[in-house]
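Worksheet: one structure, shown below.
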Amino acid sequence: MSNIESVLHENRKFPPSTAFTAAARIKPADFVALNAEATRDSVAFWGRLAREELRWHRPFSQILDDSRAPNYRWFTDGVLNASFNCLDVHLAAHGGARDGKPAIIFEGEAGDSRTLTYGQLTAEVCQFANALRAQGIQPGDRVVIYLPMVPEAVIAMQACARIGATHSVVFGGFSANSLRDRIEDAGTRMVITADGGWRAGKALELKQAVDEALATGCKTVEKVIVLKRTGGAVLMQAGRDVWWSDAVRGQATGCEPTWVNAEHPLYLLYTSGSTGKPKGVQHSTAGYLLNAKLTSQWIFDFREDDVFWCTADVGWVTGHTYVCYGPLAAGATIVMYEGAPVYPDGGRFWSICERLGVTIFYTAPTAIRALMRLGDELPNKYDLSKLRLLGTVGEPINPEAWIWYHTVIGKSRCPIVDTWWQTETGAAMLSPLPGVTATKPGSCTTAIPGIDMAIVDEDGDPVTDPDQGGWLVVRKPWPSMLRTIWGDNDRYVSTYWAKFNNRYYVAGDTAYRDADGYFWVMGRADDVLKVSGHRLGTAEVESAFVAHPRVAEAAVVSRHHEIKGESIFAYVVLKGQRPTGKDAEKFAAELREFVGKELGAIAKPDDIRFADNLPKTRSGKIMRRLLRAIARGEPITQDISTLENPAIVEQLRGAG
Ligand code: WTA
């Protein structure tokens with residue numbers, strides 16, 4: 001990998017204020033002590049924390065089982081329940097004092113609101129868990145959750161955890177096709193959905209998508225539970241579909257948890273990789289919950305009166321770890337918002353922060369960039385003085401957006417935690433600790449205690465020179481690591497471990513460290529795209545294109561996009577004549593809708609260019625680097641002399 005010669009990274013440092021540090025949970029001396037403990041013996045370190053932070057039904061005797069590496073197992077003979085650790089432990093009946101503390105403060109897009117205390121949330125989770133049992137759901141069964149961002153999404157996840165069912169949340173923006181693939185891959189017994197959800201003033205038709213998915217497959221699904229949210233008309237299939245309100249009617253509000261093994265699969269979450277088929281990332285119960293809770297406490301510095309708002313949808317891993325599990329395990333108050341950030345206008349986020357008294361706000365760079373573009377007047381209209389800590393996640397943040405976030409939203413008072421992690425890592429891995437680390441705009445700084453990350457070259461040797469790029473790897477197993485890919489352990493090993501002979505977990509990102517040892521993530525090294533922070537595979541988008549009867553072949557690359565970070569650029573070869581002029585425009589619009597329908601609106605390409613054929617190497621591989629250079633308007637450095645039809649380059653450039 002090439003040396004980054006003109007490193008443009010910011011070198012300005014923003015240390016936390018002395019006042020912030022003085023009140024922080026983790027102070028510089030604690031950080032030094034935690035790191036020293038972890039360096040001495042990382043396994044013992046995690047063992048101590050697992051004993052202290054989780055409530056065990058039966059304690060574990062072994063911390064790490066590496067006998068089947070790289071399929072690591074943690075706390076293997078321990079027995080516990082995730083929902084018990086997120087809910088019951090906070091109640092007086094189990095030694096807590098948070099019965100009346102708000103757990104969820106919810107705001108619907110239309111302005112409706114609802115607050116659930118820990119006592120009320122526990123009762124609702126128990127009642128729904130009893131309903132799931134009554135519908136025949138057993139420990140280990142897979143349950144797909146396809147819901148809008150309403151409290152019932154968290155209730156459904158926690159209820160599955162309570163009875164040992166493995167949930168698989170599918171983002172409500174995914175299409176019926178994507179939903180069907182995920183339902184089928186997991187051998188799902190039940191789907192939990194809603195009539196719809198509100199997004200930008202329109203109702204998302206969720207139940208209709210479930211009906212479509214089930215009409216074309218999904219033979220294992222026996223029951224569909226339907227939450228009434230929008231009141232829109234839906235078809236209910238007798239014997240299969242049950243209203244949420246009917247399912248819980250008469251169910252008790254207490255429910256003995258199903259005690260499960262530490263390694264019991266808490267959830268699957270499908271994510272994109274470099275093939276057309278999304279991978280079911282499988283997470284454990286104890287190890288996952290441990291890192292979710294610890295990172296929530298360390299990075300977000302929770303205090304008893306904080307109001308924490310992570311804007312992520314539960315359809316993504318951030319909504320699992322920093323909405324549903326981490327903050328609740330830590331006993332925090334969370335905000336959930338159903339709708340679009342710009343509804344009815346671009347001040348909605350700031351208005352929620354003011355009205356609900358948000359103290360810690362965590363969002364994606366895409367949202368920050370989009371809101372930054374709307375100007376300073378909107379946020380300046382609201383009282384943001386309660387905010388004390390800001391965070392970002394999901395994609396690199398450009399220094400300009402960071403500085404805006406820092407000055408206009410945080411009024412130069414709030415530290416910013418830029419957290420790097422992945423669906424696979426389960427919890428944040430690289431991040432400042434807000435009372436300790438001096439931040440630099442655009443860098444996720446250093447690894448959290450216990451996490452051993454490095455940059456290595458093609459041979460797997462550590463890169464020691466500052467600013468020299470390489471592969472981002474994790475050198476030691478950690479509790480919240482993914483356990484496998486559902487139904488495909490070979491893919492688990494080949495995707496994450498094989499590159500360096502199972503020595504390191506390979507994240508798939510490239511990165512470098514600066515002279516201070518700070519990490520700067522450059523982006524994906526594989527064919528994964530980050531469009532508005534959402535993860536998509538080029539192969540998935542390509543197969544959506546070729547599903548159209550007129551498309552012969554498609555190649556998808558990304559280009560830089562000012563707000564979305566990356567956008568999709570597609571080269572398409574049709575069966576028959578290549579359209580030009582108005583015909584090309586019209587058909588491109590049709591294809592854009594088609595891909596949106598196949599995969600979901602987030603996958604709609606920004607650019608579509610038609611070509612007579614695609615540039616290929618002699619062995620028939622599409623020359624992606626060439627296509628990328630063209631899409632990005634970069635100079636072409638590839639050897640194109642071997643191309644069968646060199647004139648194609650002009651056509652791909654849009655000039656032919
Ligand atoms: C990217 C999201 C730069 C990275 C939690 C990673 C980031 C992928 C950051 C995982 C960050 C995530 N800075 N890049 N702070 N956080 N990424 O699975 O490329 O949706 O591999 O998990 O997002 O995306 P995923």
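All residue names refer to the structure tokens as shown: chains lettered A, B, ... in order, residues numbered from 1 in each chain, ligands numbered from 1 in order.
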
Could you give me the residues within stretch 150-210 of chain A that DSSP places in strand (DSSP E or B), as a PDB file with all heavy atoms, in the first residue's frame?
```
ATOM      1  N   THR A 166     -33.750 -15.915  18.987  1.00  0.00           N
ATOM      2  CA  THR A 166     -32.696 -15.130  18.348  1.00  0.00           C
ATOM      3  C   THR A 166     -33.350 -14.157  17.374  1.00  0.00           C
ATOM      4  O   THR A 166     -34.008 -14.591  16.429  1.00  0.00           O
ATOM      5  CB  THR A 166     -31.740 -16.085  17.595  1.00  0.00           C
ATOM      6  OG1 THR A 166     -31.167 -16.983  18.553  1.00  0.00           O
ATOM      7  CG2 THR A 166     -30.640 -15.333  16.873  1.00  0.00           C
ATOM      8  N   HIS A 167     -33.187 -12.845  17.619  1.00  0.00           N
ATOM      9  CA  HIS A 167     -33.842 -11.928  16.693  1.00  0.00           C
ATOM     10  C   HIS A 167     -32.936 -11.549  15.534  1.00  0.00           C
ATOM     11  O   HIS A 167     -31.719 -11.613  15.624  1.00  0.00           O
ATOM     12  CB  HIS A 167     -34.414 -10.695  17.399  1.00  0.00           C
ATOM     13  CG  HIS A 167     -33.430  -9.817  18.113  1.00  0.00           C
ATOM     14  ND1 HIS A 167     -32.519  -9.039  17.446  1.00  0.00           N
ATOM     15  CD2 HIS A 167     -33.254  -9.575  19.440  1.00  0.00           C
ATOM     16  CE1 HIS A 167     -31.821  -8.346  18.334  1.00  0.00           C
ATOM     17  NE2 HIS A 167     -32.225  -8.660  19.556  1.00  0.00           N
ATOM     18  N   SER A 168     -33.601 -11.177  14.443  1.00  0.00           N
ATOM     19  CA  SER A 168     -32.894 -10.684  13.271  1.00  0.00           C
ATOM     20  C   SER A 168     -33.692  -9.472  12.814  1.00  0.00           C
ATOM     21  O   SER A 168     -34.786  -9.605  12.271  1.00  0.00           O
ATOM     22  CB  SER A 168     -32.878 -11.788  12.202  1.00  0.00           C
ATOM     23  OG  SER A 168     -32.548 -11.246  10.943  1.00  0.00           O
ATOM     24  N   VAL A 169     -33.179  -8.294  13.111  1.00  0.00           N
ATOM     25  CA  VAL A 169     -33.905  -7.079  12.758  1.00  0.00           C
ATOM     26  C   VAL A 169     -33.559  -6.717  11.318  1.00  0.00           C
ATOM     27  O   VAL A 169     -32.383  -6.731  10.933  1.00  0.00           O
ATOM     28  CB  VAL A 169     -33.538  -5.905  13.693  1.00  0.00           C
ATOM     29  CG1 VAL A 169     -34.352  -4.663  13.341  1.00  0.00           C
ATOM     30  CG2 VAL A 169     -33.756  -6.277  15.157  1.00  0.00           C
ATOM     31  N   PHE A 174     -35.528  -1.585   3.817  1.00  0.00           N
ATOM     32  CA  PHE A 174     -35.232  -2.647   2.860  1.00  0.00           C
ATOM     33  C   PHE A 174     -36.511  -3.141   2.199  1.00  0.00           C
ATOM     34  O   PHE A 174     -37.578  -3.150   2.819  1.00  0.00           O
ATOM     35  CB  PHE A 174     -34.513  -3.817   3.539  1.00  0.00           C
ATOM     36  CG  PHE A 174     -33.022  -3.634   3.643  1.00  0.00           C
ATOM     37  CD1 PHE A 174     -32.384  -3.718   4.870  1.00  0.00           C
ATOM     38  CD2 PHE A 174     -32.254  -3.387   2.514  1.00  0.00           C
ATOM     39  CE1 PHE A 174     -31.004  -3.541   4.978  1.00  0.00           C
ATOM     40  CE2 PHE A 174     -30.874  -3.217   2.604  1.00  0.00           C
ATOM     41  CZ  PHE A 174     -30.253  -3.285   3.839  1.00  0.00           C
ATOM     42  N   MET A 190     -41.073 -16.584  12.840  1.00  0.00           N
ATOM     43  CA  MET A 190     -42.058 -15.521  13.061  1.00  0.00           C
ATOM     44  C   MET A 190     -41.524 -14.191  12.552  1.00  0.00           C
ATOM     45  O   MET A 190     -40.325 -13.939  12.614  1.00  0.00           O
ATOM     46  CB  MET A 190     -42.352 -15.407  14.555  1.00  0.00           C
ATOM     47  CG  MET A 190     -43.240 -14.226  14.903  1.00  0.00           C
ATOM     48  SD  MET A 190     -43.396 -13.988  16.680  1.00  0.00           S
ATOM     49  CE  MET A 190     -44.770 -15.060  17.043  1.00  0.00           C
ATOM     50  N   VAL A 191     -42.453 -13.352  12.065  1.00  0.00           N
ATOM     51  CA  VAL A 191     -42.092 -11.986  11.682  1.00  0.00           C
ATOM     52  C   VAL A 191     -42.921 -11.034  12.534  1.00  0.00           C
ATOM     53  O   VAL A 191     -44.121 -11.231  12.700  1.00  0.00           O
ATOM     54  CB  VAL A 191     -42.362 -11.732  10.180  1.00  0.00           C
ATOM     55  CG1 VAL A 191     -42.011 -10.290   9.809  1.00  0.00           C
ATOM     56  CG2 VAL A 191     -41.568 -12.703   9.307  1.00  0.00           C
ATOM     57  N   ILE A 192     -42.241 -10.028  13.100  1.00  0.00           N
ATOM     58  CA  ILE A 192     -42.955  -9.003  13.860  1.00  0.00           C
ATOM     59  C   ILE A 192     -42.864  -7.704  13.065  1.00  0.00           C
ATOM     60  O   ILE A 192     -41.770  -7.238  12.747  1.00  0.00           O
ATOM     61  CB  ILE A 192     -42.330  -8.811  15.260  1.00  0.00           C
ATOM     62  CG1 ILE A 192     -42.342 -10.139  16.030  1.00  0.00           C
ATOM     63  CG2 ILE A 192     -43.079  -7.718  16.036  1.00  0.00           C
ATOM     64  CD1 ILE A 192     -41.549 -10.110  17.327  1.00  0.00           C
ATOM     65  N   THR A 193     -44.020  -7.152  12.700  1.00  0.00           N
ATOM     66  CA  THR A 193     -44.017  -5.968  11.853  1.00  0.00           C
ATOM     67  C   THR A 193     -45.117  -4.998  12.299  1.00  0.00           C
ATOM     68  O   THR A 193     -45.712  -5.175  13.366  1.00  0.00           O
ATOM     69  CB  THR A 193     -44.156  -6.369  10.361  1.00  0.00           C
ATOM     70  OG1 THR A 193     -43.952  -5.219   9.550  1.00  0.00           O
ATOM     71  CG2 THR A 193     -45.523  -6.969  10.065  1.00  0.00           C
ATOM     72  N   ALA A 194     -45.345  -3.968  11.497  1.00  0.00           N
ATOM     73  CA  ALA A 194     -46.386  -2.978  11.797  1.00  0.00           C
ATOM     74  C   ALA A 194     -47.146  -2.701  10.515  1.00  0.00           C
ATOM     75  O   ALA A 194     -46.651  -2.979   9.419  1.00  0.00           O
ATOM     76  CB  ALA A 194     -45.759  -1.691  12.317  1.00  0.00           C
ATOM     77  N   GLY A 197     -45.036   2.842   9.285  1.00  0.00           N
ATOM     78  CA  GLY A 197     -44.337   3.775  10.161  1.00  0.00           C
ATOM     79  C   GLY A 197     -44.273   5.097   9.427  1.00  0.00           C
ATOM     80  O   GLY A 197     -44.404   5.126   8.206  1.00  0.00           O
ATOM     81  N   TRP A 198     -44.090   6.195  10.166  1.00  0.00           N
ATOM     82  CA  TRP A 198     -44.085   7.500   9.521  1.00  0.00           C
ATOM     83  C   TRP A 198     -42.675   7.915   9.155  1.00  0.00           C
ATOM     84  O   TRP A 198     -41.750   7.834   9.953  1.00  0.00           O
ATOM     85  CB  TRP A 198     -44.717   8.556  10.428  1.00  0.00           C
ATOM     86  CG  TRP A 198     -46.177   8.308  10.664  1.00  0.00           C
ATOM     87  CD1 TRP A 198     -46.764   7.917  11.837  1.00  0.00           C
ATOM     88  CD2 TRP A 198     -47.235   8.410   9.699  1.00  0.00           C
ATOM     89  NE1 TRP A 198     -48.128   7.773  11.661  1.00  0.00           N
ATOM     90  CE2 TRP A 198     -48.441   8.071  10.365  1.00  0.00           C
ATOM     91  CE3 TRP A 198     -47.289   8.744   8.334  1.00  0.00           C
ATOM     92  CZ2 TRP A 198     -49.684   8.061   9.715  1.00  0.00           C
ATOM     93  CZ3 TRP A 198     -48.522   8.738   7.694  1.00  0.00           C
ATOM     94  CH2 TRP A 198     -49.699   8.407   8.382  1.00  0.00           C
ATOM     95  N   ARG A 199     -42.518   8.350   7.916  1.00  0.00           N
ATOM     96  CA  ARG A 199     -41.220   8.828   7.442  1.00  0.00           C
ATOM     97  C   ARG A 199     -41.475   9.966   6.467  1.00  0.00           C
ATOM     98  O   ARG A 199     -42.125   9.751   5.434  1.00  0.00           O
ATOM     99  CB  ARG A 199     -40.485   7.666   6.754  1.00  0.00           C
ATOM    100  CG  ARG A 199     -39.095   7.988   6.293  1.00  0.00           C
ATOM    101  CD  ARG A 199     -38.072   7.689   7.360  1.00  0.00           C
ATOM    102  NE  ARG A 199     -36.809   8.323   7.007  1.00  0.00           N
ATOM    103  CZ  ARG A 199     -35.779   8.486   7.823  1.00  0.00           C
ATOM    104  NH1 ARG A 199     -35.837   8.053   9.055  1.00  0.00           N
ATOM    105  NH2 ARG A 199     -34.686   9.070   7.419  1.00  0.00           N
ATOM    106  N   LYS A 202     -44.951  10.487   5.125  1.00  0.00           N
ATOM    107  CA  LYS A 202     -45.604   9.379   4.410  1.00  0.00           C
ATOM    108  C   LYS A 202     -45.546   8.110   5.263  1.00  0.00           C
ATOM    109  O   LYS A 202     -44.639   7.936   6.069  1.00  0.00           O
ATOM    110  CB  LYS A 202     -44.871   9.120   3.087  1.00  0.00           C
ATOM    111  CG  LYS A 202     -45.124  10.214   2.048  1.00  0.00           C
ATOM    112  CD  LYS A 202     -44.962   9.692   0.641  1.00  0.00           C
ATOM    113  CE  LYS A 202     -43.626   9.764   0.041  1.00  0.00           C
ATOM    114  NZ  LYS A 202     -42.790  10.743  -0.298  1.00  0.00           N
ATOM    115  N   ALA A 203     -46.521   7.224   5.017  1.00  0.00           N
ATOM    116  CA  ALA A 203     -46.504   5.956   5.740  1.00  0.00           C
ATOM    117  C   ALA A 203     -45.669   4.942   4.969  1.00  0.00           C
ATOM    118  O   ALA A 203     -45.901   4.712   3.788  1.00  0.00           O
ATOM    119  CB  ALA A 203     -47.923   5.451   5.926  1.00  0.00           C
ATOM    120  N   LEU A 204     -44.677   4.356   5.647  1.00  0.00           N
ATOM    121  CA  LEU A 204     -43.899   3.258   5.059  1.00  0.00           C
ATOM    122  C   LEU A 204     -44.768   2.013   5.133  1.00  0.00           C
ATOM    123  O   LEU A 204     -45.218   1.648   6.210  1.00  0.00           O
ATOM    124  CB  LEU A 204     -42.697   2.968   5.947  1.00  0.00           C
ATOM    125  CG  LEU A 204     -41.323   3.540   5.708  1.00  0.00           C
ATOM    126  CD1 LEU A 204     -40.399   3.081   6.815  1.00  0.00           C
ATOM    127  CD2 LEU A 204     -40.774   3.132   4.365  1.00  0.00           C
TER     128      LEU A 204
END
```

Report task. Select the residues contacting ligand 1 at a distance of at most 8 Å, based on only C-alpha atoms and all ligand atoms, then format the selection as a count of residues only. Result -> 36

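Note that the spacing between atom CA of A:Tyr118 and atom CA of A:Cys86 amounts to 9.3 Å.
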
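Nearest residue to A:Arg348 among A:Pro365, A:Asn35, A:Lys279, A:Lys381 is A:Lys381, counting only C-alpha atoms.
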
**Report entry** Non-local contacts of A:Asp306 (7 Å; only C-alpha atoms; under 2 positions in same chain excluded) as a ChimeraX atom specification
**Finding:** /A:302-304,308,332-333,359

Writer output for current selection, C-alpha atoms, as a PDB file, in the first residue's frame:
```pdb
ATOM      1  CA  PHE A 302     -23.255   8.055  31.449  1.00  0.00           C
ATOM      2  CA  ARG A 303     -24.365   9.788  34.599  1.00  0.00           C
ATOM      3  CA  GLU A 304     -27.629   9.087  36.321  1.00  0.00           C
ATOM      4  CA  PHE A 308     -28.832   9.864  25.577  1.00  0.00           C
ATOM      5  CA  ALA A 332     -29.513   5.122  30.987  1.00  0.00           C
ATOM      6  CA  THR A 333     -32.429   7.138  29.622  1.00  0.00           C
ATOM      7  CA  THR A 359     -27.312  15.695  27.037  1.00  0.00           C
TER       8      THR A 359
END
```

**Report entry** Surrounding residues of stretch 495-498 of chain A excluding itself and chain neighbours under 2 positions, 10 Å, only C-alpha atoms, as an NGL selection string
**Finding:** :A and (69-70 or 273-274 or 424 or 473 or 484-485 or 489-493 or 500-508)

Query raised in the report: When DSSP works through the backbone of this structure, what residues of stretch 192-421 of chain A end up as alpha helix (DSSP H), shown as a PyMOL selection string?
Result: chain A and resi 206-215+244-248+286-300+317-319+326-329+348-356+365-373+377-380+399-404

Report summary line: Here atom CA of A:Phe594 and atom CA of A:His548 stand apart by 7.5 Å

Report as a Markdown table the residues of stretch 212-327 of chain A within 12 Å of stretch 177-184 of chain A, each with its shortest atom pair and distance in Å (one decimal), using only C-alpha atoms, ordered by chain and increasing residue number.
```
| residue | atom | partner | partner_atom | distance |
| --- | --- | --- | --- | --- |
| A:Glu212 | CA | A:Asn177 | CA | 8.2 |
| A:Ala213 | CA | A:Arg180 | CA | 4.8 |
| A:Leu214 | CA | A:Arg180 | CA | 7.0 |
| A:Ala215 | CA | A:Arg180 | CA | 9.5 |
| A:Thr216 | CA | A:Arg180 | CA | 7.9 |
| A:Gly217 | CA | A:Arg180 | CA | 7.1 |
| A:Cys218 | CA | A:Glu184 | CA | 5.4 |
| A:Lys219 | CA | A:Glu184 | CA | 8.0 |
| A:Thr220 | CA | A:Glu184 | CA | 7.7 |
| A:Val221 | CA | A:Ile183 | CA | 8.2 |
| A:Glu222 | CA | A:Ile183 | CA | 11.8 |
| A:Leu268 | CA | A:Arg182 | CA | 9.8 |
| A:Leu269 | CA | A:Arg182 | CA | 9.1 |
| A:Tyr270 | CA | A:Arg182 | CA | 7.1 |
| A:Thr271 | CA | A:Arg182 | CA | 10.0 |
| A:Ser272 | CA | A:Ser178 | CA | 11.4 |
| A:Gly276 | CA | A:Asp181 | CA | 11.1 |
| A:Lys277 | CA | A:Asp181 | CA | 8.5 |
| A:Pro278 | CA | A:Arg182 | CA | 7.9 |
| A:Lys279 | CA | A:Arg182 | CA | 9.0 |
| A:Gly280 | CA | A:Arg182 | CA | 8.0 |
| A:Val281 | CA | A:Arg182 | CA | 11.5 |
| A:Gly315 | CA | A:Leu179 | CA | 11.7 |
```

Would you output that residue set with all heavy atoms, as a compact mmCIF listing (two decimals), in the first residue's frame?
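Done, and the output landed in selection-v2.txt:
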```
# COMPACT_ATOMS: atom_id res chain seq x y z
N GLU A 212 -45.74 -9.46 0.63
CA GLU A 212 -45.08 -9.75 -0.65
C GLU A 212 -43.96 -10.78 -0.47
O GLU A 212 -43.83 -11.72 -1.25
CB GLU A 212 -44.42 -8.47 -1.18
CG GLU A 212 -45.09 -7.86 -2.39
CD GLU A 212 -44.39 -6.56 -2.76
OE1 GLU A 212 -43.28 -6.63 -3.32
OE2 GLU A 212 -44.96 -5.49 -2.47
N ALA A 213 -43.16 -10.58 0.59
CA ALA A 213 -42.06 -11.52 0.84
C ALA A 213 -42.61 -12.92 1.10
O ALA A 213 -42.11 -13.91 0.56
CB ALA A 213 -41.23 -11.04 2.03
N LEU A 214 -43.66 -12.99 1.90
CA LEU A 214 -44.20 -14.30 2.27
C LEU A 214 -44.94 -14.97 1.11
O LEU A 214 -45.03 -16.19 1.06
CB LEU A 214 -45.11 -14.17 3.51
CG LEU A 214 -44.41 -14.42 4.85
CD1 LEU A 214 -43.17 -13.59 5.03
CD2 LEU A 214 -45.35 -14.22 6.01
N ALA A 215 -45.44 -14.16 0.18
CA ALA A 215 -46.15 -14.73 -0.96
C ALA A 215 -45.18 -15.43 -1.91
O ALA A 215 -45.57 -16.30 -2.68
CB ALA A 215 -46.89 -13.63 -1.71
N THR A 216 -43.90 -15.06 -1.85
CA THR A 216 -42.93 -15.62 -2.81
C THR A 216 -41.94 -16.57 -2.16
O THR A 216 -40.93 -16.91 -2.75
CB THR A 216 -42.16 -14.48 -3.50
OG1 THR A 216 -41.64 -13.61 -2.48
CG2 THR A 216 -43.06 -13.69 -4.43
N GLY A 217 -42.19 -16.97 -0.92
CA GLY A 217 -41.26 -17.90 -0.28
C GLY A 217 -41.49 -17.93 1.21
O GLY A 217 -42.62 -17.83 1.67
N CYS A 218 -40.40 -18.04 1.97
CA CYS A 218 -40.45 -17.95 3.44
C CYS A 218 -41.38 -19.01 4.04
O CYS A 218 -42.20 -18.71 4.91
CB CYS A 218 -40.91 -16.57 3.90
SG CYS A 218 -40.05 -15.20 3.14
N LYS A 219 -41.24 -20.25 3.58
CA LYS A 219 -42.17 -21.30 4.01
C LYS A 219 -42.09 -21.61 5.50
O LYS A 219 -43.00 -22.21 6.07
CB LYS A 219 -41.91 -22.59 3.20
CG LYS A 219 -42.24 -22.42 1.73
CD LYS A 219 -43.73 -22.13 1.50
CE LYS A 219 -44.02 -21.69 0.08
NZ LYS A 219 -44.77 -20.41 -0.02
N THR A 220 -40.99 -21.22 6.15
CA THR A 220 -40.85 -21.55 7.57
C THR A 220 -41.65 -20.62 8.48
O THR A 220 -41.80 -20.89 9.66
CB THR A 220 -39.37 -21.48 8.00
OG1 THR A 220 -38.86 -20.20 7.59
CG2 THR A 220 -38.54 -22.58 7.37
N VAL A 221 -42.13 -19.49 7.93
CA VAL A 221 -42.82 -18.52 8.78
C VAL A 221 -44.23 -19.01 9.11
O VAL A 221 -45.03 -19.27 8.23
CB VAL A 221 -42.89 -17.13 8.11
CG1 VAL A 221 -43.74 -16.16 8.93
CG2 VAL A 221 -41.49 -16.58 7.92
N GLU A 222 -44.50 -19.11 10.43
CA GLU A 222 -45.82 -19.58 10.85
C GLU A 222 -46.72 -18.45 11.29
O GLU A 222 -47.93 -18.50 11.13
CB GLU A 222 -45.66 -20.58 12.01
CG GLU A 222 -44.96 -21.87 11.58
CD GLU A 222 -44.38 -22.63 12.77
OE1 GLU A 222 -44.90 -22.48 13.89
OE2 GLU A 222 -43.40 -23.36 12.55
N LEU A 268 -28.99 -12.23 15.08
CA LEU A 268 -28.32 -12.21 13.78
C LEU A 268 -28.58 -10.83 13.22
O LEU A 268 -29.66 -10.27 13.41
CB LEU A 268 -28.93 -13.24 12.82
CG LEU A 268 -29.06 -14.67 13.30
CD1 LEU A 268 -29.70 -15.53 12.20
CD2 LEU A 268 -27.69 -15.23 13.66
N LEU A 269 -27.61 -10.29 12.52
CA LEU A 269 -27.85 -9.04 11.82
C LEU A 269 -27.19 -9.17 10.46
O LEU A 269 -25.98 -9.39 10.37
CB LEU A 269 -27.30 -7.86 12.61
CG LEU A 269 -27.61 -6.48 12.01
CD1 LEU A 269 -29.11 -6.25 11.86
CD2 LEU A 269 -27.01 -5.37 12.86
N TYR A 270 -28.02 -9.05 9.43
CA TYR A 270 -27.49 -9.24 8.07
C TYR A 270 -26.78 -7.98 7.62
O TYR A 270 -27.26 -6.87 7.82
CB TYR A 270 -28.63 -9.62 7.12
CG TYR A 270 -28.98 -11.07 7.31
CD1 TYR A 270 -29.81 -11.48 8.34
CD2 TYR A 270 -28.37 -12.05 6.53
CE1 TYR A 270 -30.07 -12.81 8.58
CE2 TYR A 270 -28.62 -13.40 6.75
CZ TYR A 270 -29.47 -13.78 7.77
OH TYR A 270 -29.70 -15.11 8.00
N THR A 271 -25.61 -8.18 7.03
CA THR A 271 -24.85 -7.04 6.54
C THR A 271 -24.19 -7.41 5.22
O THR A 271 -24.05 -8.58 4.89
CB THR A 271 -23.83 -6.57 7.59
OG1 THR A 271 -23.28 -5.33 7.17
CG2 THR A 271 -22.70 -7.57 7.78
N SER A 272 -23.81 -6.37 4.48
CA SER A 272 -23.30 -6.60 3.14
C SER A 272 -21.81 -6.90 3.15
O SER A 272 -21.06 -6.33 3.92
CB SER A 272 -23.53 -5.36 2.29
OG SER A 272 -24.89 -5.10 2.23
N GLY A 276 -22.90 -11.15 -3.51
CA GLY A 276 -24.27 -10.66 -3.63
C GLY A 276 -25.16 -11.04 -2.46
O GLY A 276 -26.22 -10.49 -2.28
N LYS A 277 -24.68 -12.01 -1.64
CA LYS A 277 -25.55 -12.53 -0.59
C LYS A 277 -25.17 -11.91 0.76
O LYS A 277 -24.04 -12.10 1.22
CB LYS A 277 -25.35 -14.05 -0.55
CG LYS A 277 -26.37 -14.81 0.22
CD LYS A 277 -26.16 -16.32 -0.01
CE LYS A 277 -26.91 -17.18 0.97
NZ LYS A 277 -26.34 -17.33 2.29
N PRO A 278 -26.09 -11.18 1.40
CA PRO A 278 -25.76 -10.60 2.72
C PRO A 278 -25.43 -11.70 3.73
O PRO A 278 -25.95 -12.81 3.64
CB PRO A 278 -27.03 -9.87 3.11
CG PRO A 278 -27.81 -9.70 1.87
CD PRO A 278 -27.44 -10.84 0.97
N LYS A 279 -24.57 -11.35 4.67
CA LYS A 279 -24.12 -12.32 5.67
C LYS A 279 -24.88 -12.12 6.96
O LYS A 279 -25.03 -10.99 7.43
CB LYS A 279 -22.65 -12.08 6.00
CG LYS A 279 -21.76 -11.86 4.82
CD LYS A 279 -20.34 -11.53 5.26
CE LYS A 279 -20.12 -10.04 5.38
NZ LYS A 279 -18.71 -9.65 5.20
N GLY A 280 -25.29 -13.21 7.57
CA GLY A 280 -25.96 -13.13 8.87
C GLY A 280 -24.91 -13.14 9.97
O GLY A 280 -24.46 -14.19 10.41
N VAL A 281 -24.53 -11.97 10.42
CA VAL A 281 -23.52 -11.86 11.47
C VAL A 281 -24.15 -12.32 12.79
O VAL A 281 -25.18 -11.81 13.20
CB VAL A 281 -23.00 -10.41 11.58
CG1 VAL A 281 -22.20 -10.20 12.85
CG2 VAL A 281 -22.19 -10.05 10.34
N GLY A 315 -32.53 -1.10 12.81
CA GLY A 315 -32.18 -1.97 11.68
C GLY A 315 -30.68 -2.08 11.45
O GLY A 315 -30.24 -2.91 10.66
```

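Atom pair atom CA of A:Phe545 / atom CA of A:Ala176 has a distance of 15.9 Å (rounded to one decimal).
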
Give me, as a short mmCIF file (atom, residue, chain, number, x, y, z; two decimals) with C-alpha atoms, in the first residue's frame, all polymer residues having an atom no more than 12 Å from A:Leu49, counting only C-alpha atoms and skipping those fewer than 5 positions away in the same chain.
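In the end it all went to part.cif:
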```cif
data_model
loop_
_atom_site.label_atom_id
_atom_site.label_comp_id
_atom_site.auth_asym_id
_atom_site.auth_seq_id
_atom_site.Cartn_x
_atom_site.Cartn_y
_atom_site.Cartn_z
CA LEU A 34 -7.23 -0.08 32.59
CA GLU A 37 -4.35 -4.27 33.35
CA ALA A 38 -5.41 -5.25 29.82
CA SER A 42 -6.31 -9.22 28.43
CA VAL A 43 -8.20 -12.44 29.13
CA ALA A 44 -8.15 -11.88 32.88
CA LEU A 54 -23.05 -8.69 34.23
CA ARG A 55 -25.54 -10.43 36.50
CA ILE A 63 -13.05 -16.93 30.45
CA PHE A 75 -17.45 -17.21 29.42
CA ALA A 286 -22.69 -12.47 27.32
CA GLY A 287 -19.67 -11.26 25.37
CA LEU A 289 -23.63 -7.49 26.18
CA LEU A 290 -20.41 -6.95 28.11
CA ASN A 291 -18.79 -4.76 25.45
CA LYS A 293 -22.44 -2.00 28.31
CA LEU A 294 -18.80 -1.14 28.93
CA THR A 295 -18.36 0.98 25.81
CA PRO A 449 -8.92 -0.54 26.82
CA GLY A 450 -8.64 -4.28 26.12
CA PRO A 479 -15.84 -10.58 23.92
#
```
